[in-house]
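A.B. asks: The structure file entry18.txt (compact mmCIF, C-alpha atoms) is provided below.
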```
# COMPACT_ATOMS: atom_id res chain seq x y z
CA MET A 46 -14.21 23.22 6.92
CA SER A 47 -14.84 25.82 4.23
CA ARG A 48 -17.04 27.71 6.70
CA ILE A 49 -14.16 27.70 9.22
CA LEU A 50 -11.79 29.12 6.64
CA ALA A 51 -14.26 31.79 5.53
CA THR A 52 -14.76 32.78 9.18
CA ALA A 53 -11.01 33.00 9.69
CA LEU A 54 -10.64 35.27 6.67
CA LEU A 55 -13.48 37.52 7.85
CA CYS A 56 -11.98 37.69 11.33
CA ALA A 57 -8.66 38.69 9.85
CA ILE A 58 -10.31 41.57 8.01
CA SER A 59 -12.23 42.62 11.12
CA LEU A 60 -9.13 42.55 13.31
CA GLY A 61 -7.29 44.65 10.78
CA ALA A 62 -10.04 47.26 10.92
CA CYS A 63 -10.12 47.29 14.73
CA ALA A 64 -6.37 47.79 14.85
CA GLN A 65 -6.57 51.21 13.16
CA PRO A 66 -5.28 53.87 15.63
CA ALA A 67 -7.66 56.55 16.85
CA ALA A 68 -7.15 60.06 15.45
CA PRO A 69 -5.26 62.35 17.88
CA ALA A 70 -7.27 64.99 19.75
CA ALA A 71 -7.18 68.52 18.31
CA ASN A 72 -4.96 69.82 21.15
CA GLN A 73 -2.68 66.81 21.04
CA ALA A 74 0.47 66.48 19.01
CA PRO A 75 0.36 63.52 16.62
CA ALA A 76 1.99 60.46 18.02
CA THR A 77 5.26 59.37 16.53
CA LYS A 78 4.52 57.12 13.59
CA PRO A 79 5.62 53.57 14.39
CA ALA A 80 8.07 51.88 12.13
CA ALA A 81 6.35 50.06 9.29
CA LYS A 82 6.19 46.30 9.62
CA PRO A 83 8.03 44.37 6.94
CA ALA A 84 5.86 43.00 4.18
CA ALA A 85 4.98 39.32 4.32
CA GLY A 86 7.27 38.70 1.37
CA ALA A 87 10.21 40.03 3.38
CA ALA A 88 10.15 37.00 5.63
CA GLN A 89 13.33 34.98 5.38
CA GLY A 90 13.26 31.50 3.90
CA THR A 91 11.57 29.68 1.06
CA PRO A 92 8.28 30.70 -0.58
CA ASP A 93 6.65 27.75 1.22
CA ALA A 94 7.76 29.15 4.58
CA THR A 95 6.65 32.66 3.61
CA VAL A 96 3.20 31.45 2.62
CA ARG A 97 2.88 29.32 5.75
CA GLN A 98 3.72 32.36 7.89
CA ALA A 99 1.21 34.56 6.02
CA LEU A 100 -1.59 31.99 6.42
CA GLY A 101 -0.75 31.59 10.10
CA GLY A 102 -1.59 35.25 10.54
CA ILE A 103 -5.18 34.82 9.35
CA ALA A 104 -5.95 31.21 10.27
CA PRO A 105 -3.68 30.30 13.21
CA ASP A 106 -5.78 27.29 14.20
CA LEU A 107 -5.55 25.65 10.76
CA ALA A 108 -2.35 24.01 9.59
CA PRO A 109 -1.99 23.64 5.80
CA GLU A 110 -2.20 20.01 4.70
CA TYR A 111 -0.09 20.73 1.63
CA ILE A 112 2.00 23.58 0.22
CA GLY A 113 3.77 23.30 -3.12
CA ALA A 114 4.48 25.09 -6.37
CA ALA A 115 1.34 26.18 -8.22
CA PRO A 116 0.86 25.19 -11.88
CA PHE A 117 1.65 28.80 -12.84
CA PRO A 118 4.57 31.03 -11.74
CA GLY A 119 4.59 33.30 -8.72
CA PHE A 120 2.17 31.32 -6.52
CA ARG A 121 2.04 28.42 -4.08
CA GLU A 122 -0.76 25.86 -4.23
CA VAL A 123 -2.19 25.19 -0.76
CA LEU A 124 -4.65 22.79 0.81
CA LEU A 125 -6.08 24.50 3.90
CA GLY A 126 -9.29 23.73 5.74
CA GLY A 127 -10.53 21.49 2.95
CA GLN A 128 -10.00 24.08 0.22
CA VAL A 129 -7.45 24.53 -2.53
CA LEU A 130 -6.00 28.04 -2.32
CA TYR A 131 -3.40 29.92 -4.31
CA VAL A 132 -1.13 32.30 -2.39
CA SER A 133 1.52 34.50 -3.98
CA ASP A 134 5.11 33.58 -3.18
CA ASP A 135 5.51 36.81 -1.21
CA GLY A 136 2.51 35.91 0.99
CA ARG A 137 0.48 38.94 -0.08
CA TYR A 138 -2.28 37.71 -2.37
CA LEU A 139 -4.73 34.82 -1.91
CA MET A 140 -7.13 33.34 -4.47
CA GLN A 141 -9.84 30.84 -3.58
CA SER A 142 -11.00 29.73 -7.03
CA GLN A 143 -9.21 27.10 -9.12
CA PRO A 144 -7.70 28.57 -12.30
CA PHE A 145 -8.50 27.14 -15.72
CA ASP A 146 -5.73 26.24 -18.16
CA LEU A 147 -6.88 27.65 -21.53
CA LYS A 148 -4.15 25.82 -23.44
CA GLU A 149 -4.86 22.40 -21.92
CA ARG A 150 -8.60 23.15 -21.64
CA LYS A 151 -8.92 21.82 -18.10
CA PRO A 152 -8.67 23.05 -14.50
CA ALA A 153 -5.07 23.73 -13.59
CA ALA A 154 -3.45 21.50 -10.97
CA SER A 155 0.17 20.80 -10.12
CA PRO A 156 1.82 17.37 -10.22
CA GLY A 157 2.70 17.85 -6.56
CA LEU A 158 -0.91 18.31 -5.44
CA MET A 159 -2.10 15.40 -7.57
CA ALA A 160 0.58 13.11 -6.12
CA TYR A 161 -0.36 14.19 -2.59
CA ARG A 162 -4.03 13.47 -3.23
CA SER A 163 -3.30 10.16 -4.94
CA LYS A 164 -1.24 8.92 -1.98
CA LEU A 165 -3.88 9.91 0.58
CA ILE A 166 -6.75 8.39 -1.40
CA ALA A 167 -4.77 5.19 -1.94
CA SER A 168 -4.46 4.89 1.85
CA ILE A 169 -8.16 3.93 2.01
CA PRO A 170 -8.12 0.10 2.00
CA GLU A 171 -9.82 -1.65 -0.90
CA GLN A 172 -11.98 -3.68 1.46
CA ASP A 173 -13.40 -0.48 2.95
CA ARG A 174 -14.70 0.80 -0.40
CA ILE A 175 -18.00 -0.04 -2.04
CA VAL A 176 -17.04 -1.04 -5.57
CA PHE A 177 -19.16 -1.22 -8.72
CA ALA A 178 -16.84 -2.59 -11.40
CA PRO A 179 -17.27 -4.09 -14.90
CA PRO A 180 -15.77 -7.48 -15.83
CA ASN A 181 -13.01 -5.78 -17.83
CA THR A 182 -12.01 -2.55 -16.12
CA LYS A 183 -10.25 0.09 -18.22
CA HIS A 184 -10.31 2.94 -15.69
CA THR A 185 -10.94 3.25 -11.96
CA VAL A 186 -12.22 6.34 -10.16
CA THR A 187 -12.67 7.02 -6.47
CA VAL A 188 -15.88 8.86 -5.64
CA PHE A 189 -16.45 10.58 -2.30
CA THR A 190 -20.20 10.19 -1.96
CA ASP A 191 -23.16 11.00 0.26
CA ILE A 192 -26.40 9.03 0.34
CA GLU A 193 -28.59 12.15 0.41
CA CYS A 194 -27.20 14.56 -2.19
CA GLY A 195 -29.12 14.83 -5.45
CA TYR A 196 -26.12 14.64 -7.77
CA CYS A 197 -24.80 11.57 -5.91
CA ARG A 198 -28.13 9.84 -6.52
CA ARG A 199 -28.15 10.92 -10.15
CA MET A 200 -24.66 9.50 -10.65
CA HIS A 201 -25.59 6.20 -9.04
CA GLN A 202 -28.65 5.86 -11.26
CA GLN A 203 -26.16 5.68 -14.16
CA ILE A 204 -23.75 3.25 -12.51
CA ALA A 205 -24.42 0.60 -15.18
CA ASP A 206 -23.52 3.13 -17.88
CA TYR A 207 -20.16 3.90 -16.26
CA ASN A 208 -19.47 0.18 -15.98
CA ARG A 209 -20.51 -0.40 -19.59
CA LEU A 210 -17.79 2.06 -20.67
CA GLY A 211 -15.19 0.15 -18.65
CA ILE A 212 -15.14 2.53 -15.67
CA ALA A 213 -15.02 1.03 -12.18
CA VAL A 214 -16.53 3.28 -9.52
CA GLU A 215 -15.11 2.89 -6.02
CA TYR A 216 -17.28 4.72 -3.48
CA VAL A 217 -15.92 6.09 -0.22
CA ALA A 218 -18.00 7.89 2.38
CA PHE A 219 -18.23 11.64 2.75
CA PRO A 220 -21.35 12.50 4.79
CA ARG A 221 -21.21 16.21 4.11
CA MET A 222 -23.38 17.17 7.10
CA GLY A 223 -20.60 16.07 9.44
CA PRO A 224 -20.03 13.54 12.24
CA ALA A 225 -22.92 14.71 14.41
CA SER A 226 -25.53 14.25 11.68
CA LYS A 227 -28.12 11.56 10.98
CA ASP A 228 -26.57 11.36 7.52
CA PHE A 229 -23.26 10.28 9.09
CA ARG A 230 -24.96 7.61 11.22
CA ASP A 231 -26.93 6.32 8.23
CA MET A 232 -23.76 6.03 6.18
CA GLU A 233 -22.13 4.08 8.99
CA SER A 234 -25.09 1.70 8.85
CA VAL A 235 -24.64 1.33 5.08
CA TRP A 236 -20.95 0.50 5.49
CA CYS A 237 -21.82 -1.96 8.30
CA ALA A 238 -24.44 -3.81 6.22
CA SER A 239 -23.76 -7.41 5.20
CA ASP A 240 -24.47 -6.41 1.58
CA ARG A 241 -22.97 -2.92 1.27
CA LYS A 242 -23.71 -2.53 -2.43
CA ARG A 243 -27.39 -3.28 -1.92
CA ALA A 244 -27.57 -1.06 1.17
CA LEU A 245 -25.94 1.84 -0.68
CA SER A 246 -28.18 1.46 -3.72
CA ASP A 247 -31.29 1.33 -1.51
CA ALA A 248 -30.21 4.40 0.47
CA LYS A 249 -29.51 6.37 -2.70
CA ALA A 250 -32.97 5.39 -3.94
CA GLY A 251 -34.45 7.08 -0.87
CA GLN A 252 -35.32 3.95 1.09
CA PRO A 253 -34.99 3.99 4.92
CA VAL A 254 -31.60 2.85 6.17
CA GLN A 255 -31.67 -0.12 8.51
CA LYS A 256 -29.58 0.63 11.58
CA LYS A 257 -26.36 -1.41 11.81
CA GLN A 258 -23.30 -1.16 14.05
CA CYS A 259 -19.71 -2.21 13.47
CA THR A 260 -16.19 -0.80 13.45
CA SER A 261 -16.94 1.58 10.62
CA PRO A 262 -14.43 3.19 8.21
CA VAL A 263 -16.74 6.18 7.58
CA ALA A 264 -14.95 8.56 9.95
CA MET A 265 -11.56 7.74 8.42
CA GLN A 266 -12.84 8.21 4.88
CA PHE A 267 -14.51 11.50 5.82
CA ASP A 268 -11.18 12.69 7.27
CA VAL A 269 -9.28 11.74 4.10
CA GLY A 270 -11.87 13.59 2.04
CA GLN A 271 -11.35 16.76 4.05
CA ARG A 272 -7.58 16.43 3.75
CA VAL A 273 -7.65 16.15 -0.06
CA GLY A 274 -9.94 19.16 -0.36
CA VAL A 275 -13.42 17.67 -0.78
CA ASN A 276 -16.05 20.29 0.06
CA GLY A 277 -19.03 18.88 -1.82
CA THR A 278 -20.34 15.58 -3.12
CA PRO A 279 -19.89 13.74 -5.34
CA ALA A 280 -16.16 14.41 -5.69
CA VAL A 281 -14.59 12.24 -8.40
CA PHE A 282 -10.84 11.51 -8.47
CA ALA A 283 -8.78 9.63 -11.05
CA ALA A 284 -6.04 7.25 -9.93
CA ASP A 285 -3.35 9.93 -10.43
CA GLY A 286 -5.09 12.35 -8.03
CA THR A 287 -6.76 14.49 -10.69
CA GLN A 288 -10.17 15.73 -9.57
CA LEU A 289 -12.48 15.14 -12.52
CA GLY A 290 -15.33 17.15 -11.08
CA GLY A 291 -18.53 16.73 -9.16
CA TYR A 292 -21.19 14.89 -11.11
CA VAL A 293 -19.70 13.93 -14.49
CA SER A 294 -21.75 12.08 -17.10
CA PRO A 295 -20.49 8.63 -18.18
CA GLN A 296 -19.27 9.75 -21.61
CA GLN A 297 -17.69 12.95 -20.23
CA MET A 298 -15.87 10.88 -17.65
CA LEU A 299 -14.53 8.45 -20.23
CA ASP A 300 -13.40 11.31 -22.49
CA SER A 301 -11.62 12.97 -19.57
CA LEU A 302 -9.92 9.75 -18.43
CA GLU A 303 -8.71 9.04 -21.96
CA GLY A 304 -7.70 12.62 -22.68
CA ARG A 305 -10.13 13.13 -25.54
CA GLY A 306 -11.56 16.57 -26.20
CA ASP A 307 -12.20 19.11 -23.48
CA ALA A 308 -11.87 18.18 -19.85
CA ALA A 309 -15.04 17.01 -18.18
CA GLU A 310 -17.09 19.69 -16.51
CA ALA A 311 -18.35 19.32 -12.96
CA GLY A 312 -22.08 18.97 -13.36
CA GLY A 313 -22.52 19.72 -9.70
CA SER A 314 -21.87 18.76 -6.15
CA ARG A 315 -23.90 19.42 -3.05
```
Translate the structure of the given file into structure tokens.

C.D. replies:
Amino acid sequence: MSRILATALLCAISLGACAQPAAPAANQAPATKPAAKPAAGAAQGTPDATVRQALGGIAPDLAPEYIGAAPFPGFREVLLGGQVLYVSDDGRYLMQSQPFDLKERKPAASPGLMAYRSKLIASIPEQDRIVFAPPNTKHTVTVFTDIECGYCRRMHQQIADYNRLGIAVEYVAFPRMGPASKDFRDMESVWCASDRKRALSDAKAGQPVQKKQCTSPVAMQFDVGQRVGVNGTPAVFAADGTQLGGYVSPQQMLDSLEGRGDAAEAGGSR
């Protein structure tokens, strides 16, 4: 989805360049200058409507999943094509990188976006997740995972350490190569296995995946991941919708969940 959005943005730039009028011939009088189009911010209505209209001009085939107030003034926070974007209230400026809150020492995110994510993630039934939980759970995270990515495997190698700190890890599927890939089919087989936990652990250890068929939840989980803005794996979310990062070490994750020290850093996602 991020590639689709990047393509849309490039196309918008290209179309703008192609639309430049040709210079008049030397023996021709200049054409009457057309009336200037109103700026995007001049559109009537709310900032949400203005931003939606501006995005429709560059990515008409992609409808924003979410538009709401950004965690800083003057901008809307947008989920579009699997990416979190920030667009100025007048529809003129777009930023694609998540800002960092220097006061709170963590990536900035609005309560609205976190609530949206939390509701969507909670829509994935418990029985469709692969859960590694300690006897006495203090915290629960949802992890969009892939069986092939290096950081996903690294995280799973430490699953006992997360559990030892009281963190339950609930895996949901996000085969990042997409529905047409072998990765997607292998993850369906994992979710169709009679012992999902064993099948997932074996797959993450690099063992061949035994082919299985069933009514699989993988496609639904992949769709939810795209809608909440997952564009790499692992993607770790707290219960309130906060994205804690990509790979996060056990102690970093605990510190972040309990609000101690700096926010956890994303060690990586692929």

A.B. asks: Which residues of stretch 205-230 of chain A have any atom within 12 Å of an atom in stretch 144-167 of chain A when counting all atoms listed in the file, and what is the closest pair of atoms for each, with the distance in Å to one decimal? Order the rows by chain and rising number and write it as CSV.

C.D. replies:
```
residue,atom,partner,partner_atom,distance
A:Glu215,CA,A:Ile166,CA,11.0
A:Tyr216,CA,A:Ile166,CA,11.3
A:Val217,CA,A:Ile166,CA,9.5
A:Ala218,CA,A:Ile166,CA,11.9
```

A.B. asks: Select, from A:Ile204, A:Ile212, A:Cys237, A:Ala244, the residue with the minimum atom-to-atom distance to A:Pro180, counting all atoms listed in the file.

C.D. replies: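 Smallest separation from A:Pro180 among the options: A:Ile212.
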
A.B. asks: When you draw a straight line from atom CA of A:Ser261 to atom CA of A:Ala238, how long is it in Å?

C.D. replies: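 According to the coordinates, atom CA of A:Ser261 and atom CA of A:Ala238 are separated by 10.2 Å.
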
A.B. asks: How many Å separate atom CA of A:Phe120 from atom CA of A:Thr278?

C.D. replies: 27.7 Å

A.B. asks: In terms of the shortest atom-to-atom distance over only C-alpha atoms, which of A:Val132, A:Asn276, A:Gly127, A:Ala115 is closest to A:Arg97?

C.D. replies: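 With only C-alpha atoms as the atom set, the closest residue is A:Val132.
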
A.B. asks: So what do you get for atom CA of A:Val281 versus atom CA of A:Asp228, distance-wise?

C.D. replies: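 A separation of 19.9 Å between them.
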
A.B. asks: Give the answer as one residue: which of A:Met200, A:Val176, A:Met298, A:Ala264 has the shortest atom-to-atom distance to A:Arg243, using only C-alpha atoms?

C.D. replies: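 Ranked by minimum distance to A:Arg243, first place goes to A:Val176.
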
A.B. asks: Which is closest to A:Val214 among A:Cys259, A:Val235, A:Ala250, A:Ile175, if we use only C-alpha atoms?

C.D. replies: A:Ile175

A.B. asks: Which is closer to A:Tyr292 than all the others in A:Pro118, A:Gly274, A:Gly195, A:Gly126, using all atoms listed in the file?

C.D. replies: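 Smallest distance to A:Tyr292 is found for A:Gly195.
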
A.B. asks: Counting all atoms listed in the file, which residues come within 12 Å of (-16.6, 13.6, -6.4), with the point read in the file's coordinates, and could you list them as an MDAnalysis selection string?

C.D. replies: chainID A and resid 186:191 194 196:197 200:201 214:219 221 270 273:283 286:294 298 310:315

A.B. asks: Taking C-alpha atoms for each residue, export the selection above as a short mmCIF file (atom, residue, chain, number, x, y, z; two decimals), keeping the file's coordinate frame.

C.D. replies:
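File again.cif, as written:
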```
data_model
loop_
_atom_site.label_atom_id
_atom_site.label_comp_id
_atom_site.auth_asym_id
_atom_site.auth_seq_id
_atom_site.Cartn_x
_atom_site.Cartn_y
_atom_site.Cartn_z
CA VAL A 186 -12.22 6.34 -10.16
CA THR A 187 -12.67 7.02 -6.47
CA VAL A 188 -15.88 8.86 -5.64
CA PHE A 189 -16.45 10.58 -2.30
CA THR A 190 -20.20 10.19 -1.96
CA ASP A 191 -23.16 11.00 0.26
CA CYS A 194 -27.20 14.56 -2.19
CA TYR A 196 -26.12 14.64 -7.77
CA CYS A 197 -24.80 11.57 -5.91
CA MET A 200 -24.66 9.50 -10.65
CA HIS A 201 -25.59 6.20 -9.04
CA VAL A 214 -16.53 3.28 -9.52
CA GLU A 215 -15.11 2.89 -6.02
CA TYR A 216 -17.28 4.72 -3.48
CA VAL A 217 -15.92 6.09 -0.22
CA ALA A 218 -18.00 7.89 2.38
CA PHE A 219 -18.23 11.64 2.75
CA ARG A 221 -21.21 16.21 4.11
CA GLY A 270 -11.87 13.59 2.04
CA VAL A 273 -7.65 16.15 -0.06
CA GLY A 274 -9.94 19.16 -0.36
CA VAL A 275 -13.42 17.67 -0.78
CA ASN A 276 -16.05 20.29 0.06
CA GLY A 277 -19.03 18.88 -1.82
CA THR A 278 -20.34 15.58 -3.12
CA PRO A 279 -19.89 13.74 -5.34
CA ALA A 280 -16.16 14.41 -5.69
CA VAL A 281 -14.59 12.24 -8.40
CA PHE A 282 -10.84 11.51 -8.47
CA ALA A 283 -8.78 9.63 -11.05
CA GLY A 286 -5.09 12.35 -8.03
CA THR A 287 -6.76 14.49 -10.69
CA GLN A 288 -10.17 15.73 -9.57
CA LEU A 289 -12.48 15.14 -12.52
CA GLY A 290 -15.33 17.15 -11.08
CA GLY A 291 -18.53 16.73 -9.16
CA TYR A 292 -21.19 14.89 -11.11
CA VAL A 293 -19.70 13.93 -14.49
CA SER A 294 -21.75 12.08 -17.10
CA MET A 298 -15.87 10.88 -17.65
CA GLU A 310 -17.09 19.69 -16.51
CA ALA A 311 -18.35 19.32 -12.96
CA GLY A 312 -22.08 18.97 -13.36
CA GLY A 313 -22.52 19.72 -9.70
CA SER A 314 -21.87 18.76 -6.15
CA ARG A 315 -23.90 19.42 -3.05
#
```

A.B. asks: Between A:Gln128, A:Gly136, A:Asp268, A:Ala225, which has the minimum distance to A:Gln98 (counting all atoms listed in the file)?

C.D. replies: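 Among the listed residues, A:Gly136 lies closest to A:Gln98.
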